[in-house]
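Novice: Below you'll find the structure I mean.
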Amino acid sequence: TRRPPARSLSGAIRVHPGVTSSWFSRVLVTSLLVITAINAVRPAVSYRAIAFGATPVEIGVVAGSYALLSFLVAVPIGRWVDRFGESRFLLAGAAVVALVSVALAGVTSIAGLIVAQAALGIGQVLCVVAAQSLVASGHDQTARDSRVGVFSVVVSLGLISGPALGGLVGGRSNADLTHVFGMSAGFALASTLAAASLWR
C-alpha cells in the first residue's frame, strides 16, 4: 500500500497556518501577561482611591483618566508603529505597565492615581497597537485570519484572569493592594522580557 503524499499532510497542518510559529507564540505570551497585569491593576486603583477618601466624582476621574491620554495619542502611535516597527513599541508598552505597577505601591494621593492611570492607558495602547500590527502582518490571508482569532481569545483570557487574580491576591492579603501591584509588576516584567525576544 502506498503512503499518501507528503502534501496531504501539509494540507492538514495548514488548517491553522502560522498559529504555532515561534514569533507568534511570543506575541501571545507577551500580550497575555501584559493584559492580565493591566486588568489586575485597574480595579485595585479604584479601591485605593476609595481608601484615600475619594468622592464618587474623583473615583470617576481616576477611572476615566485611563483612557484620556490614550485617546489622544492612539493615532500617532499607530503611525509610529508603522514607521519604526512593532517590537520596540511592544517592549516599551510592557515596560511602562511594569513601571506604573511598581510606582502605584508608593502613590499616596488622588492626583498620583490619576497620573498612574493615564500612564497605564498609554502602556496598553502601545502594546495593543504593536501586537495587533504584528499579528496582522504577512501576505497569507488564511494565516492572518487564524492568528487574529487566536490573539483575540488570548486577550480575552487576560481580561478575565486579571481581575480574578487581583481579587484573589487582594483577598488573601487582607486587602493589601501593594501585593496586587507587585503581582502585576511581575507579570508586566515577564511580558517585557518576552517582548524583548521579539526585538530582532
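Order determines the names: the first chain of the C-alpha cells is A, the second B, and so forth; residues in each chain are numbered 1 upward, and ligands are numbered 1 upward as they are shown.
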Could you give me, as JSON lines, every segment 147-194 of chain A residue with an atom at most 10 Å from segment 108-132 of chain A, plus its closest atom pair and distance in Å to one decimal, counting only C-alpha atoms, rows ordered by chain then number?

Specialist:
```
{"residue": "A:Arg147", "atom": "CA", "partner": "A:Gln132", "partner_atom": "CA", "distance": 9.7}
{"residue": "A:Val148", "atom": "CA", "partner": "A:Gln132", "partner_atom": "CA", "distance": 7.9}
{"residue": "A:Phe151", "atom": "CA", "partner": "A:Gln132", "partner_atom": "CA", "distance": 8.3}
{"residue": "A:Ser152", "atom": "CA", "partner": "A:Gln132", "partner_atom": "CA", "distance": 9.6}
{"residue": "A:Val155", "atom": "CA", "partner": "A:Val128", "partner_atom": "CA", "distance": 9.5}
```

Novice: Counting only C-alpha atoms, what are the residues of segment 120-181 of chain A within 9 Å of segment 32-37 of chain A, and for each of them which pair of atoms is the nearest and at what distance in Å, to one decimal? Sort the table by chain and rising number, as a Markdown table.

Specialist:
```
| residue | atom | partner | partner_atom | distance |
| --- | --- | --- | --- | --- |
| A:Gln124 | CA | A:Ile35 | CA | 7.6 |
| A:Cys127 | CA | A:Val34 | CA | 8.0 |
| A:Val128 | CA | A:Ile35 | CA | 9.0 |
| A:Val154 | CA | A:Leu32 | CA | 6.0 |
| A:Val155 | CA | A:Leu32 | CA | 5.9 |
| A:Ser156 | CA | A:Leu32 | CA | 8.6 |
| A:Leu157 | CA | A:Leu32 | CA | 7.2 |
| A:Gly158 | CA | A:Thr36 | CA | 4.4 |
| A:Leu159 | CA | A:Thr36 | CA | 6.2 |
| A:Ile160 | CA | A:Thr36 | CA | 7.8 |
| A:Ser161 | CA | A:Thr36 | CA | 6.0 |
| A:Gly162 | CA | A:Thr36 | CA | 4.1 |
| A:Pro163 | CA | A:Thr36 | CA | 7.8 |
| A:Leu165 | CA | A:Thr36 | CA | 8.4 |
| A:Gly166 | CA | A:Ala37 | CA | 8.7 |
| A:Phe181 | CA | A:Ala37 | CA | 8.6 |
```

Novice: Keeping all heavy atoms for every residue in the selection just given, could you write it to a file as a short mmCIF file (atom, residue, chain, number, x, y, z; two decimals), in the first residue's frame?

Specialist:
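Okay, this is what ended up in out.cif:
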```
data_model
loop_
_atom_site.label_atom_id
_atom_site.label_comp_id
_atom_site.auth_asym_id
_atom_site.auth_seq_id
_atom_site.Cartn_x
_atom_site.Cartn_y
_atom_site.Cartn_z
N GLN A 124 -1.00 50.36 27.61
CA GLN A 124 -1.85 49.40 26.92
C GLN A 124 -1.96 49.72 25.44
O GLN A 124 -1.90 48.82 24.60
CB GLN A 124 -3.25 49.37 27.53
CG GLN A 124 -4.16 48.40 26.78
CD GLN A 124 -5.50 48.18 27.44
OE1 GLN A 124 -5.81 48.80 28.44
NE2 GLN A 124 -6.30 47.30 26.88
N CYS A 127 1.12 48.55 23.62
CA CYS A 127 1.16 47.09 23.48
C CYS A 127 0.14 46.58 22.47
O CYS A 127 0.47 45.76 21.60
CB CYS A 127 0.92 46.42 24.83
SG CYS A 127 2.29 46.55 25.99
N VAL A 128 -1.08 47.06 22.57
CA VAL A 128 -2.16 46.54 21.73
C VAL A 128 -1.94 46.90 20.27
O VAL A 128 -2.08 46.06 19.38
CB VAL A 128 -3.52 47.05 22.23
CG1 VAL A 128 -4.61 46.71 21.22
CG2 VAL A 128 -3.85 46.42 23.58
N VAL A 154 -6.77 34.98 23.35
CA VAL A 154 -5.75 35.17 24.38
C VAL A 154 -5.98 36.50 25.12
O VAL A 154 -5.87 36.57 26.35
CB VAL A 154 -4.34 35.13 23.76
CG1 VAL A 154 -3.29 35.62 24.74
CG2 VAL A 154 -4.02 33.71 23.32
N VAL A 155 -6.31 37.55 24.39
CA VAL A 155 -6.60 38.84 25.02
C VAL A 155 -7.81 38.72 25.95
O VAL A 155 -7.82 39.26 27.06
CB VAL A 155 -6.84 39.93 23.96
CG1 VAL A 155 -7.40 41.20 24.60
CG2 VAL A 155 -5.55 40.24 23.22
N SER A 156 -8.82 37.98 25.52
CA SER A 156 -10.00 37.77 26.36
C SER A 156 -9.64 37.03 27.64
O SER A 156 -10.17 37.34 28.72
CB SER A 156 -11.06 36.97 25.59
OG SER A 156 -11.51 37.70 24.46
N LEU A 157 -8.72 36.08 27.55
CA LEU A 157 -8.26 35.38 28.76
C LEU A 157 -7.58 36.34 29.72
O LEU A 157 -7.77 36.25 30.95
CB LEU A 157 -7.29 34.26 28.37
CG LEU A 157 -7.89 33.04 27.67
CD1 LEU A 157 -6.79 32.08 27.24
CD2 LEU A 157 -8.88 32.33 28.58
N GLY A 158 -6.81 37.28 29.18
CA GLY A 158 -6.18 38.29 30.03
C GLY A 158 -7.19 39.19 30.70
O GLY A 158 -7.05 39.56 31.87
N LEU A 159 -8.25 39.54 29.96
CA LEU A 159 -9.30 40.38 30.52
C LEU A 159 -10.04 39.69 31.66
O LEU A 159 -10.54 40.34 32.59
CB LEU A 159 -10.30 40.76 29.42
CG LEU A 159 -9.76 41.67 28.30
CD1 LEU A 159 -10.79 41.79 27.19
CD2 LEU A 159 -9.41 43.05 28.85
N ILE A 160 -10.13 38.36 31.58
CA ILE A 160 -10.80 37.59 32.63
C ILE A 160 -9.87 37.33 33.81
O ILE A 160 -10.24 37.52 34.98
CB ILE A 160 -11.31 36.26 32.06
CG1 ILE A 160 -12.40 36.50 31.01
CG2 ILE A 160 -11.84 35.35 33.17
CD1 ILE A 160 -12.79 35.26 30.23
N SER A 161 -8.65 36.90 33.51
CA SER A 161 -7.74 36.46 34.57
C SER A 161 -7.20 37.63 35.39
O SER A 161 -6.91 37.46 36.59
CB SER A 161 -6.57 35.67 33.96
OG SER A 161 -5.83 36.46 33.06
N GLY A 162 -7.06 38.82 34.79
CA GLY A 162 -6.51 39.95 35.53
C GLY A 162 -7.33 40.31 36.76
O GLY A 162 -6.82 40.27 37.89
N PRO A 163 -8.60 40.66 36.60
CA PRO A 163 -9.41 40.99 37.79
C PRO A 163 -9.55 39.83 38.76
O PRO A 163 -9.58 40.03 39.98
CB PRO A 163 -10.77 41.37 37.19
CG PRO A 163 -10.48 41.76 35.78
CD PRO A 163 -9.34 40.89 35.34
N LEU A 165 -7.37 37.34 39.37
CA LEU A 165 -6.14 37.18 40.14
C LEU A 165 -5.94 38.35 41.11
O LEU A 165 -5.48 38.16 42.24
CB LEU A 165 -4.94 37.07 39.19
CG LEU A 165 -4.83 35.76 38.40
CD1 LEU A 165 -3.71 35.85 37.38
CD2 LEU A 165 -4.59 34.59 39.35
N GLY A 166 -6.29 39.56 40.65
CA GLY A 166 -6.17 40.71 41.54
C GLY A 166 -7.05 40.58 42.77
O GLY A 166 -6.63 40.86 43.89
N PHE A 181 -0.32 45.14 43.25
CA PHE A 181 0.58 45.90 42.38
C PHE A 181 1.88 45.13 42.13
O PHE A 181 2.42 45.17 41.03
CB PHE A 181 0.88 47.26 43.01
CG PHE A 181 -0.33 48.13 43.20
CD1 PHE A 181 -0.48 48.93 44.32
CD2 PHE A 181 -1.36 48.13 42.25
CE1 PHE A 181 -1.60 49.73 44.49
CE2 PHE A 181 -2.49 48.92 42.42
CZ PHE A 181 -2.61 49.71 43.53
#
```

Novice: Which residue gives the smallest distance to Val97 of chain A among A:Ser65, A:Ser25, A:Ser184, A:Thr30, with only C-alpha atoms counted?

Specialist: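 Going through A:Ser65, A:Ser25, A:Ser184, A:Thr30 one by one, the smallest distance to Val97 of chain A is for A:Ser184.
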